[in-house]
$ cat final33.csv   # CSV, C-alpha atoms and all ligand atoms
chain,number,residue,atom,x,y,z
O,1,MET,CA,-20.6,3.2,-9.1
O,2,LYS,CA,-21.2,4.1,-12.7
O,3,ILE,CA,-22.2,7.7,-13.3
O,4,ASN,CA,-25.4,8.0,-15.3
O,5,LYS,CA,-24.6,11.3,-17.0
O,6,SER,CA,-28.2,12.4,-17.3
O,7,THR,CA,-28.8,12.3,-13.5
O,8,ASN,CA,-27.7,14.4,-10.6
O,9,LEU,CA,-26.3,12.6,-7.6
O,10,SER,CA,-27.4,13.5,-4.1
O,11,LEU,CA,-24.5,14.7,-2.0
O,12,ASP,CA,-24.1,11.3,-0.1
O,13,GLN,CA,-24.2,9.4,-3.4
O,14,PHE,CA,-21.5,11.7,-4.8
O,15,ILE,CA,-19.3,11.3,-1.7
O,16,ASN,CA,-19.8,7.6,-1.9
O,17,LEU,CA,-18.6,7.6,-5.5
O,18,ALA,CA,-15.6,9.9,-4.7
O,19,LEU,CA,-14.5,8.0,-1.6
O,20,TYR,CA,-15.7,4.4,-2.0
O,21,ASP,CA,-16.1,3.5,-5.7
O,22,LYS,CA,-14.5,0.1,-6.0
O,23,ASN,CA,-12.0,1.1,-8.6
O,24,THR,CA,-11.5,4.9,-8.3
O,25,GLY,CA,-12.7,5.7,-4.7
O,26,TYR,CA,-10.2,7.7,-2.6
O,27,TYR,CA,-10.1,5.1,0.3
O,28,MET,CA,-10.1,2.1,-2.1
O,29,LYS,CA,-6.7,2.6,-3.8
O,30,GLN,CA,-4.3,4.3,-1.5
O,31,ASN,CA,-3.0,4.8,2.0
O,32,PRO,CA,-4.0,8.5,2.8
O,33,PHE,CA,-2.3,8.6,6.3
O,34,GLY,CA,0.9,10.3,7.4
O,35,LYS,CA,3.4,12.7,6.0
O,36,GLU,CA,3.3,11.4,2.5
O,37,GLY,CA,-0.5,11.1,2.6
O,38,ASP,CA,-3.1,13.8,2.8
O,39,PHE,CA,-3.8,13.8,6.6
O,40,ILE,CA,-2.6,12.4,9.8
O,41,THR,CA,-4.8,10.8,12.5
O,42,ALA,CA,-4.1,10.6,16.3
O,43,PRO,CA,-2.8,6.9,16.3
O,44,ASN,CA,-0.3,7.9,13.7
O,45,ILE,CA,0.9,10.9,15.6
O,46,THR,CA,2.0,8.9,18.7
O,47,ARG,CA,1.4,5.5,20.0
O,48,PHE,CA,0.6,7.1,23.4
O,49,PHE,CA,-2.9,7.8,22.0
O,50,SER,CA,-3.7,4.2,21.5
O,51,GLU,CA,-2.1,3.2,24.8
O,52,ILE,CA,-4.4,5.6,26.6
O,53,ILE,CA,-7.4,4.2,24.7
O,54,THR,CA,-6.3,0.7,26.0
O,55,ILE,CA,-6.1,2.0,29.6
O,56,TRP,CA,-9.5,3.5,29.2
O,57,LEU,CA,-10.8,0.2,27.8
O,58,ILE,CA,-9.5,-1.7,30.8
O,59,THR,CA,-11.3,0.6,33.3
O,60,PHE,CA,-14.5,0.4,31.2
O,61,LEU,CA,-14.2,-3.4,31.2
O,62,LYS,CA,-14.2,-3.3,35.0
O,63,SER,CA,-17.4,-1.3,35.0
O,64,LEU,CA,-18.9,-4.3,33.0
O,65,GLY,CA,-17.7,-6.7,35.6
O,66,SER,CA,-14.5,-7.8,33.7
O,67,PRO,CA,-16.5,-10.2,31.4
O,68,LYS,CA,-14.9,-13.6,30.7
O,69,LYS,CA,-15.7,-13.1,27.1
O,70,PHE,CA,-16.2,-9.8,25.2
O,71,ASN,CA,-16.0,-8.3,21.7
O,72,LEU,CA,-13.7,-5.4,20.8
O,73,ILE,CA,-14.7,-4.0,17.5
O,74,GLU,CA,-12.8,-1.2,15.7
O,75,LEU,CA,-14.8,0.6,13.0
O,76,GLY,CA,-12.7,1.9,10.0
O,77,ALA,CA,-9.2,1.0,11.1
O,78,GLY,CA,-7.2,2.9,8.5
O,79,ASN,CA,-3.7,1.5,8.4
O,80,GLY,CA,-4.3,-0.6,11.5
O,81,GLU,CA,-2.0,1.4,13.8
O,82,MET,CA,-4.4,1.9,16.6
O,83,MET,CA,-5.4,-1.8,16.8
O,84,LYS,CA,-1.7,-2.8,16.7
O,85,VAL,CA,-0.8,-0.7,19.8
O,86,ILE,CA,-4.0,-1.8,21.5
O,87,CYS,CA,-3.1,-5.5,21.1
O,88,GLU,CA,0.5,-4.8,22.3
O,89,THR,CA,-0.7,-2.9,25.4
O,90,LEU,CA,-3.6,-5.3,26.2
O,91,LYS,CA,-1.2,-8.2,26.3
O,92,ASN,CA,0.2,-6.7,29.6
O,93,PHE,CA,-3.3,-7.6,31.0
O,94,PRO,CA,-3.6,-11.2,29.9
O,95,GLU,CA,-6.9,-11.8,31.7
O,96,HIS,CA,-8.5,-9.2,29.5
O,97,PHE,CA,-6.5,-10.0,26.3
O,98,ASN,CA,-7.5,-13.7,26.6
O,99,SER,CA,-11.1,-12.8,27.1
O,100,CYS,CA,-11.2,-10.6,24.0
O,101,LYS,CA,-12.5,-11.4,20.5
O,102,LEU,CA,-11.1,-8.8,18.1
O,103,THR,CA,-12.9,-7.6,15.0
O,104,ILE,CA,-12.2,-4.9,12.4
O,105,ILE,CA,-15.0,-3.5,10.3
O,106,GLU,CA,-13.4,-2.0,7.2
O,107,LYS,CA,-15.0,-1.1,3.9
O,108,SER,CA,-11.8,-0.7,1.9
O,109,GLN,CA,-10.3,-4.0,0.6
O,110,TYR,CA,-7.0,-2.1,0.0
O,111,LEU,CA,-6.9,-0.9,3.6
O,112,ILE,CA,-7.8,-4.4,4.9
O,113,GLU,CA,-4.6,-5.7,3.1
O,114,GLN,CA,-2.6,-2.9,4.8
O,115,GLN,CA,-4.1,-3.7,8.2
O,116,LYS,CA,-3.3,-7.4,7.7
O,117,ILE,CA,0.4,-6.5,7.1
O,118,ASN,CA,0.5,-4.3,10.2
O,119,LEU,CA,-1.4,-6.8,12.3
O,120,LYS,CA,0.0,-10.1,11.0
O,121,THR,CA,0.7,-11.6,14.4
O,122,GLU,CA,-2.7,-10.9,15.8
O,123,LYS,CA,-5.9,-13.0,15.8
O,124,ILE,CA,-8.4,-10.6,14.2
O,125,THR,CA,-11.6,-11.1,12.2
O,126,TRP,CA,-12.2,-8.7,9.3
O,127,THR,CA,-15.6,-7.9,7.9
O,128,GLN,CA,-16.7,-5.2,5.5
O,129,ASP,CA,-20.1,-4.5,7.1
O,130,LEU,CA,-21.5,-4.5,10.6
O,131,GLN,CA,-24.1,-7.2,11.5
O,132,GLU,CA,-26.3,-7.3,14.6
O,133,ASN,CA,-25.6,-10.9,15.6
O,134,TYR,CA,-22.9,-10.4,18.2
O,135,LYS,CA,-23.1,-12.2,21.5
O,136,ASP,CA,-21.3,-11.2,24.8
O,137,PRO,CA,-20.6,-7.6,25.9
O,138,THR,CA,-19.3,-5.6,23.0
O,139,ILE,CA,-17.1,-2.5,22.9
O,140,PHE,CA,-16.8,-0.5,19.7
O,141,LEU,CA,-14.0,2.0,19.0
O,142,ALA,CA,-14.4,4.6,16.3
O,143,ASN,CA,-11.6,7.1,15.7
O,144,GLU,CA,-12.3,9.4,12.8
O,145,PHE,CA,-14.8,6.8,11.5
O,146,PHE,CA,-18.1,8.7,11.4
O,147,ASP,CA,-16.5,11.8,9.7
O,148,ALA,CA,-15.6,9.5,6.8
O,149,LEU,CA,-19.2,8.5,6.0
O,150,PRO,CA,-21.1,10.1,3.2
O,151,ILE,CA,-23.5,12.9,4.3
O,152,LYS,CA,-26.7,14.5,3.0
O,153,GLN,CA,-27.2,18.3,3.3
O,154,PHE,CA,-30.5,20.3,3.4
O,155,PHE,CA,-31.0,24.0,3.5
O,156,LYS,CA,-34.1,25.9,4.6
O,157,ARG,CA,-35.0,28.8,2.4
O,158,GLN,CA,-38.2,30.8,3.0
O,159,ASP,CA,-39.8,27.9,4.9
O,160,GLU,CA,-39.0,25.3,2.1
O,161,TRP,CA,-36.3,22.7,2.4
O,162,TYR,CA,-33.8,22.1,-0.4
O,163,GLU,CA,-31.4,19.1,-0.7
O,164,LYS,CA,-27.9,19.5,-2.1
O,165,PHE,CA,-27.1,17.6,-5.2
O,166,VAL,CA,-24.0,17.4,-7.5
O,167,ASP,CA,-24.6,17.9,-11.3
O,168,LEU,CA,-22.0,15.6,-12.9
O,169,LYS,CA,-23.1,15.8,-16.5
O,170,ASN,CA,-19.6,17.0,-17.2
O,171,PRO,CA,-17.4,15.5,-14.4
O,172,LYS,CA,-14.6,18.0,-15.1
O,173,LYS,CA,-17.1,20.9,-14.5
O,174,ALA,CA,-19.1,19.3,-11.7
O,175,LYS,CA,-21.3,21.8,-9.9
O,176,PHE,CA,-23.6,21.8,-6.9
O,177,LYS,CA,-27.3,22.3,-7.3
O,178,GLU,CA,-30.3,22.4,-4.9
O,179,ILE,CA,-33.6,20.5,-5.4
O,180,LYS,CA,-36.7,21.2,-3.4
O,181,THR,CA,-37.6,18.4,-1.1
O,182,ASN,CA,-40.3,17.2,1.3
O,183,ILE,CA,-38.5,17.0,4.7
O,184,LYS,CA,-41.5,15.3,6.4
O,185,LEU,CA,-41.1,12.3,4.1
O,186,ILE,CA,-37.4,12.1,5.0
O,187,GLU,CA,-38.2,12.3,8.7
O,188,GLN,CA,-40.8,9.6,8.4
O,189,LYS,CA,-38.3,7.3,6.8
O,190,LEU,CA,-35.7,8.1,9.4
O,191,ASN,CA,-38.4,7.9,12.1
O,192,PHE,CA,-36.7,10.9,13.7
O,193,GLU,CA,-37.6,14.6,13.7
O,194,ILE,CA,-34.3,15.9,12.3
O,195,SER,CA,-35.4,19.4,11.1
O,196,LYS,CA,-36.6,20.6,14.5
O,197,GLU,CA,-35.3,24.1,15.1
O,198,GLN,CA,-32.8,23.8,12.2
O,199,ASN,CA,-32.0,25.9,9.2
O,200,ILE,CA,-29.3,23.5,7.9
O,201,ILE,CA,-29.4,19.7,8.2
O,202,GLU,CA,-26.3,17.7,7.8
O,203,TYR,CA,-26.3,14.0,8.6
O,204,SER,CA,-25.0,10.7,7.4
O,205,PRO,CA,-27.6,8.0,6.5
O,206,ASP,CA,-24.8,5.4,7.0
O,207,GLY,CA,-23.9,7.0,10.3
O,208,PHE,CA,-27.5,6.6,11.5
O,209,LYS,CA,-27.5,3.0,10.2
O,210,TYR,CA,-24.4,2.2,12.2
O,211,LEU,CA,-25.6,4.0,15.3
O,212,LYS,CA,-28.8,2.0,15.2
O,213,ILE,CA,-27.1,-1.4,14.9
O,214,ILE,CA,-24.6,-0.5,17.5
O,215,SER,CA,-27.3,0.8,19.9
O,216,ASN,CA,-29.2,-2.5,19.5
O,217,ILE,CA,-26.1,-4.5,20.2
O,218,ILE,CA,-25.2,-2.5,23.3
O,219,GLU,CA,-28.8,-2.6,24.7
O,220,ARG,CA,-28.9,-6.3,24.2
O,221,ASN,CA,-25.4,-7.4,25.2
O,222,ARG,CA,-24.1,-4.5,27.3
O,223,GLY,CA,-21.0,-2.6,26.4
O,224,GLY,CA,-20.5,0.8,24.7
O,225,ILE,CA,-19.0,2.7,21.8
O,226,LEU,CA,-16.2,5.3,22.2
O,227,ILE,CA,-16.4,7.8,19.3
O,228,ILE,CA,-13.5,10.2,18.8
O,229,ASP,CA,-14.0,12.7,16.0
O,230,TYR,CA,-13.9,16.2,14.7
O,231,GLY,CA,-17.1,17.8,15.9
O,232,TYR,CA,-19.1,20.3,17.8
O,233,LEU,CA,-21.8,20.3,20.4
O,234,ASN,CA,-24.2,23.1,19.3
O,235,GLN,CA,-27.8,22.3,19.0
O,236,LYS,CA,-28.0,24.0,15.6
O,237,MET,CA,-26.4,22.1,12.7
O,238,GLN,CA,-23.9,23.9,10.4
O,239,ASP,CA,-22.5,23.3,6.9
O,240,THR,CA,-19.2,21.7,7.7
O,241,LEU,CA,-18.5,19.8,4.4
O,242,GLN,CA,-14.8,20.0,3.5
O,243,ALA,CA,-12.2,18.4,1.2
O,244,VAL,CA,-8.6,17.8,2.3
O,245,ASN,CA,-5.7,17.2,-0.1
O,246,ASN,CA,-2.0,17.1,0.9
O,247,HIS,CA,-2.8,18.5,4.4
O,248,LYS,CA,-4.7,21.5,3.0
O,249,TYR,CA,-8.3,22.3,2.3
O,250,SER,CA,-9.3,21.9,-1.3
O,251,ASN,CA,-12.3,22.0,-3.7
O,252,ILE,CA,-14.7,19.1,-3.2
O,253,LEU,CA,-15.7,19.0,-6.9
O,254,GLU,CA,-12.1,19.0,-8.2
O,255,ASN,CA,-9.8,15.9,-8.4
O,256,ILE,CA,-12.7,13.6,-7.6
O,257,GLY,CA,-11.3,10.3,-6.1
O,258,GLU,CA,-7.9,12.0,-5.2
O,259,THR,CA,-9.2,14.1,-2.3
O,260,ASP,CA,-10.6,13.2,1.1
O,261,ILE,CA,-14.1,14.5,1.8
O,262,THR,CA,-15.1,14.9,5.4
O,263,TYR,CA,-17.4,16.8,7.8
O,264,ASN,CA,-17.6,17.7,11.5
O,265,ILE,CA,-19.9,15.6,13.6
O,266,ASN,CA,-22.7,17.3,15.4
O,267,PHE,CA,-22.5,15.4,18.7
O,268,ASN,CA,-25.8,17.0,19.8
O,269,LEU,CA,-27.5,15.2,16.9
O,270,PHE,CA,-25.9,11.9,18.0
O,271,LYS,CA,-27.1,12.5,21.5
O,272,ARG,CA,-30.6,13.2,20.3
O,273,PHE,CA,-30.5,10.1,18.2
O,274,ILE,CA,-29.4,8.0,21.2
O,275,ASN,CA,-32.1,9.5,23.4
O,276,GLN,CA,-34.5,7.4,21.4
O,277,TYR,CA,-33.1,4.3,23.2
O,278,LYS,CA,-34.5,4.3,26.7
O,279,ASN,CA,-31.7,2.1,28.2
O,280,LEU,CA,-28.8,4.1,26.7
O,281,ASP,CA,-27.2,7.4,27.5
O,282,THR,CA,-24.1,9.4,26.4
O,283,LEU,CA,-21.2,11.2,27.9
O,284,VAL,CA,-19.2,13.7,25.9
O,285,THR,CA,-16.0,15.8,26.4
O,286,ASN,CA,-13.1,17.1,24.3
O,287,GLN,CA,-10.0,15.2,23.4
O,288,LYS,CA,-7.8,17.3,25.7
O,289,LYS,CA,-9.9,16.5,28.8
O,290,PHE,CA,-10.2,12.9,27.9
O,291,LEU,CA,-6.5,12.3,27.3
O,292,THR,CA,-5.2,14.4,30.2
O,293,SER,CA,-7.7,13.0,32.7
O,294,MET,CA,-6.6,9.5,31.6
O,295,GLY,CA,-3.0,10.5,32.4
O,296,ILE,CA,-1.3,11.0,29.1
O,297,LEU,CA,1.1,13.6,30.4
O,298,GLN,CA,2.1,11.7,33.5
O,299,ARG,CA,2.7,8.6,31.3
O,300,ALA,CA,4.9,10.6,28.9
O,301,GLU,CA,6.9,11.9,31.9
O,302,ILE,CA,7.6,8.4,33.2
O,303,VAL,CA,8.5,7.0,29.8
O,304,SER,CA,10.7,9.9,28.8
O,305,LYS,CA,12.9,9.8,31.9
O,306,ASP,CA,15.5,7.6,30.3
O,307,ILE,CA,15.4,8.8,26.7
O,308,PRO,CA,17.6,11.5,25.0
O,309,PHE,CA,16.5,15.1,25.2
O,310,SER,CA,15.7,15.3,21.4
O,311,LYS,CA,13.4,12.3,21.6
O,312,LYS,CA,11.7,13.7,24.7
O,313,THR,CA,11.1,17.0,22.9
O,314,ASP,CA,9.6,15.1,19.9
O,315,LEU,CA,7.4,13.1,22.2
O,316,PHE,CA,6.0,16.1,24.0
O,317,TYR,CA,5.6,18.0,20.7
O,318,ARG,CA,3.4,15.1,19.5
O,319,ILE,CA,1.3,14.9,22.6
O,320,ARG,CA,0.8,18.7,22.4
O,321,ARG,CA,-0.7,18.2,19.0
O,322,LEU,CA,-3.3,15.9,20.5
O,323,ILE,CA,-4.2,18.0,23.5
O,324,ASP,CA,-3.5,21.6,22.6
O,325,GLU,CA,-6.8,23.6,22.4
O,326,LYS,CA,-5.6,25.3,19.2
O,327,GLN,CA,-4.8,21.9,17.6
O,328,MET,CA,-6.7,18.7,18.2
O,329,GLY,CA,-7.5,19.1,21.9
O,330,GLU,CA,-10.7,21.1,21.4
O,331,LEU,CA,-11.6,20.4,17.8
O,332,PHE,CA,-11.9,16.7,18.6
O,333,LYS,CA,-14.7,15.4,20.9
O,334,VAL,CA,-15.0,12.1,22.6
O,335,MET,CA,-18.4,10.5,23.1
O,336,LEU,CA,-19.3,7.3,25.0
O,337,ILE,CA,-22.6,5.6,24.4
O,338,LYS,CA,-23.3,3.1,27.1
O,339,ASN,CA,-26.1,1.4,29.1
O,340,LYS,CA,-27.9,3.9,31.4
O,341,ASP,CA,-27.5,1.8,34.5
O,342,ASN,CA,-23.7,1.7,34.1
O,343,LYS,CA,-22.6,4.8,36.0
O,344,PHE,CA,-19.0,4.7,34.6
O,345,GLN,CA,-17.5,8.2,34.0
O,346,THR,CA,-13.7,7.8,33.7
O,347,GLY,CA,-12.2,10.1,31.1
O,348,PHE,CA,-15.3,12.4,31.0
O,401,LIG,C1,-10.5,8.8,8.3
O,401,LIG,S1,-10.1,7.1,8.2
O,401,LIG,C2,-9.7,6.8,9.9
O,401,LIG,C3,-8.8,5.6,10.1
O,401,LIG,C4,-8.4,5.2,11.5
O,401,LIG,N1,-9.5,5.0,12.4
O,401,LIG,C5,-7.4,6.2,12.1
O,401,LIG,O1,-7.8,6.9,13.0
O,401,LIG,O2,-6.3,6.3,11.6
O,401,LIG,C6,-11.7,6.3,8.0
O,401,LIG,C7,-11.7,4.8,7.9
O,401,LIG,O3,-13.0,4.3,7.9
O,401,LIG,C8,-13.1,3.4,6.8
O,401,LIG,N2,-14.5,3.3,6.4
O,401,LIG,C9,-15.2,4.3,5.8
O,401,LIG,N3,-16.5,3.9,5.6
O,401,LIG,C10,-16.7,2.7,6.2
O,401,LIG,C11,-17.8,1.8,6.3
O,401,LIG,N4,-19.0,2.1,5.9
O,401,LIG,N5,-17.5,0.6,6.9
O,401,LIG,C12,-16.3,0.3,7.4
O,401,LIG,N6,-15.2,1.1,7.3
O,401,LIG,C13,-15.4,2.3,6.7
O,401,LIG,C14,-12.2,3.9,5.8
O,401,LIG,O4,-11.8,3.0,4.8
O,401,LIG,C15,-11.0,4.3,6.7
O,401,LIG,O5,-10.3,3.1,7.0
$ encode --input "final33.csv" --output "structure tokens"
Amino acid sequence: MKINKSTNLSLDQFINLALYDKNTGYYMKQNPFGKEGDFITAPNITRFFSEIITIWLITFLKSLGSPKKFNLIELGAGNGEMMKVICETLKNFPEHFNSCKLTIIEKSQYLIEQQKINLKTEKITWTQDLQENYKDPTIFLANEFFDALPIKQFFKRQDEWYEKFVDLKNPKKAKFKEIKTNIKLIEQKLNFEISKEQNIIEYSPDGFKYLKIISNIIERNRGGILIIDYGYLNQKMQDTLQAVNNHKYSNILENIGETDITYNINFNLFKRFINQYKNLDTLVTNQKKFLTSMGILQRAEIVSKDIPFSKKTDLFYRIRRLIDEKQMGELFKVMLIKNKDNKFQTGF
């Protein structure tokens, strides 16, 4: 995206530029994951995370009647680590592995290349955008996907709504500004009353676009989406915009293109959005409850019986990171969107 220096960018346009500009966007030119990167995600902490997701997937498939053909679609696959372990684990259940058509939806061409290296022995289709034309039951996995989508922010001040913009006339001295807006017009476009009982609105237009396509696919084909992300459940939305550089919080308006920009998902908003679909419903819990009820600790006990003490300590240290309430266990939530008549509850 070229910056027109006389204009302000809305916050989502700015984030889109900072993260996804073809040449300079943060996700378009580097691998941000791991010790050398800026942050670490659960699949890169321990493969047990993705193994547990696979076990969950198998139980969910049973609730769909173990379909002879189904789609498994990962949204935003990063370095491909989760999909790699899912494939390895699913091969232990050939009836499901052979029924499965794997797809990765990934916006970054740079990360697609990384994923292809990591997944070179697997039969996977890559696309850069999600279309609605899938047949057969379809299961989506989205780990830290929605928090990477550009957001808009609005603030209510004395009964008027203002949208957050970024003034980029001088990119080295970028600054935030607020412009008065007509929230009713925005709600008409969204076809959704987003401002109800709010003083702050924070949402991703792309996030809603994805939720809409995914909901249509699930309603039509059956299936579900498992969303795992930083987030909270309060009815009231908060300002959660943040930038992360080298594992620390940093200034959003500095080092544009070198810093990750993210936010916390309001899962209550997602639930309200899904309530518009009369045949769908949602389940939500935190990552601790999801992983422990799926047996991550018991699995670690079994596997660690025959490994040296130092490796066992390392393994449990990593699992603690995922489930400890002061670390990812409570900060991360897990949401399942599924067909209402499917009474599946495992993990929740
Ligand atoms: C925070 S990373 C998470 C990566 C991975 N799921 C993990 O847990 O390690 C977000 C991923 O979503 C991708 N992404 C962002 N926006 C996207 C979009 N609109 N369509 C497809 N992929 C997108 C990014 O390029 C990146 O791979």
$ residues_near_ligand --input "final33.csv" --ligand "ligand LIG 401 (chain O)" --cutoff "7 Å" --atoms "only C-alpha atoms and all ligand atoms" --output "list in words"
Tyr27, Thr41, Ala42, Pro43, Asn44, Leu75, Gly76, Ala77, Gly78, Asn79, Glu81, Met82, Ile105, Glu106, Lys107, Ser108, Leu111, Gln128, Asp129, Ala142, Asn143, Glu144, Phe145, Asp147, Ala148, Leu149 and Asp206 of chain O
$ residues_near_point --input "final33.csv" --point "(-36.9, 22.4, 16.7)" --cutoff "12 Å" --atoms "all atoms listed in the file" --output "list in words"
Phe192, Glu193, Ile194, Ser195, Lys196, Glu197, Gln198, Asn199, Ile200, Ile201, Gln235, Lys236, Met237, Leu269 and Arg272 of chain O
$ closest_atom_pairs --input "final33.csv" --of "range 10-85 of chain O" --to "range 167-189 of chain O" --cutoff "10 Å" --atoms "all atoms listed in the file" --output "JSON lines"
{"residue": "O:Ser10", "atom": "CA", "partner": "O:Asp167", "partner_atom": "CA", "distance": 8.9}
{"residue": "O:Leu11", "atom": "CA", "partner": "O:Phe176", "partner_atom": "CA", "distance": 8.7}
{"residue": "O:Phe14", "atom": "CA", "partner": "O:Leu168", "partner_atom": "CA", "distance": 9.0}
$ closest_residue --input "final33.csv" --among "O:Lys35, O:His96, O:Lys333, O:Arg299" --to "Leu57 in chain O" --atoms "all atoms listed in the file"
O:His96
$ atom_distance --input "final33.csv" --atom1 "CA of Lys343 in chain O" --atom2 "CA of Thr138 in chain O"
17.0 Å
$ closest_residue --input "final33.csv" --among "O:Ser204, O:Thr7, O:Asn71, O:Asn98" --to "Asp136 in chain O" --atoms "all atoms listed in the file"
O:Asn71
$ closest_residue --input "final33.csv" --among "O:Leu331, O:Leu19, O:Leu130, O:Leu9" --to "Lys164 in chain O" --atoms "all atoms listed in the file"
O:Leu9
$ decode --input "final33.csv" --residues "range 151-205 of chain O" --atoms "C-alpha atoms" --output "mmCIF file, in the first residue's frame"
data_model
loop_
_atom_site.group_PDB
_atom_site.id
_atom_site.type_symbol
_atom_site.label_atom_id
_atom_site.label_comp_id
_atom_site.auth_asym_id
_atom_site.auth_seq_id
_atom_site.Cartn_x
_atom_site.Cartn_y
_atom_site.Cartn_z
ATOM 1 C CA ILE O 151 -8.922 -3.696 13.704
ATOM 2 C CA LYS O 152 -10.951 -0.521 13.882
ATOM 3 C CA GLN O 153 -11.473 1.399 17.124
ATOM 4 C CA PHE O 154 -14.227 3.814 18.136
ATOM 5 C CA PHE O 155 -14.616 5.794 21.357
ATOM 6 C CA LYS O 156 -17.782 7.348 22.736
ATOM 7 C CA ARG O 157 -17.300 10.869 24.073
ATOM 8 C CA GLN O 158 -20.318 12.836 25.315
ATOM 9 C CA ASP O 159 -22.741 10.719 23.293
ATOM 10 C CA GLU O 160 -20.756 11.129 20.055
ATOM 11 C CA TRP O 161 -18.661 8.379 18.469
ATOM 12 C CA TYR O 162 -15.110 9.031 17.239
ATOM 13 C CA GLU O 163 -13.000 6.693 15.099
ATOM 14 C CA LYS O 164 -9.249 6.309 15.659
ATOM 15 C CA PHE O 165 -7.028 7.284 12.720
ATOM 16 C CA VAL O 166 -3.266 7.546 12.230
ATOM 17 C CA ASP O 167 -1.840 10.768 10.875
ATOM 18 C CA LEU O 168 1.086 9.663 8.706
ATOM 19 C CA LYS O 169 2.052 12.957 7.096
ATOM 20 C CA ASN O 170 5.452 12.469 8.624
ATOM 21 C CA PRO O 171 5.859 8.668 9.043
ATOM 22 C CA LYS O 172 8.712 9.223 11.521
ATOM 23 C CA LYS O 173 6.357 11.254 13.699
ATOM 24 C CA ALA O 174 3.144 9.329 13.126
ATOM 25 C CA LYS O 175 0.405 10.223 15.597
ATOM 26 C CA PHE O 176 -3.085 9.068 16.489
ATOM 27 C CA LYS O 177 -6.075 11.290 15.883
ATOM 28 C CA GLU O 178 -9.815 10.856 16.311
ATOM 29 C CA ILE O 179 -12.470 11.778 13.755
ATOM 30 C CA LYS O 180 -16.172 12.082 14.543
ATOM 31 C CA THR O 181 -18.231 9.383 12.880
ATOM 32 C CA ASN O 182 -21.796 8.205 12.339
ATOM 33 C CA ILE O 183 -21.903 4.842 14.098
ATOM 34 C CA LYS O 184 -25.395 4.075 12.760
ATOM 35 C CA LEU O 185 -24.064 4.081 9.194
ATOM 36 C CA ILE O 186 -21.316 1.665 10.203
ATOM 37 C CA GLU O 187 -23.859 -0.580 11.883
ATOM 38 C CA GLN O 188 -26.050 -0.523 8.786
ATOM 39 C CA LYS O 189 -23.096 -1.652 6.677
ATOM 40 C CA LEU O 190 -22.231 -4.365 9.182
ATOM 41 C CA ASN O 191 -25.890 -5.278 9.575
ATOM 42 C CA PHE O 192 -25.088 -5.664 13.271
ATOM 43 C CA GLU O 193 -25.726 -3.438 16.273
ATOM 44 C CA ILE O 194 -22.160 -3.287 17.521
ATOM 45 C CA SER O 195 -22.417 -0.134 19.695
ATOM 46 C CA LYS O 196 -25.126 -1.499 22.031
ATOM 47 C CA GLU O 197 -24.128 -0.776 25.676
ATOM 48 C CA GLN O 198 -20.535 0.084 24.690
ATOM 49 C CA ASN O 199 -18.222 3.041 25.317
ATOM 50 C CA ILE O 200 -15.413 1.546 23.251
ATOM 51 C CA ILE O 201 -15.775 -0.489 20.077
ATOM 52 C CA GLU O 202 -12.913 -2.620 18.857
ATOM 53 C CA TYR O 203 -13.460 -5.065 15.993
ATOM 54 C CA SER O 204 -11.827 -6.405 12.886
ATOM 55 C CA PRO O 205 -13.732 -5.950 9.598
#
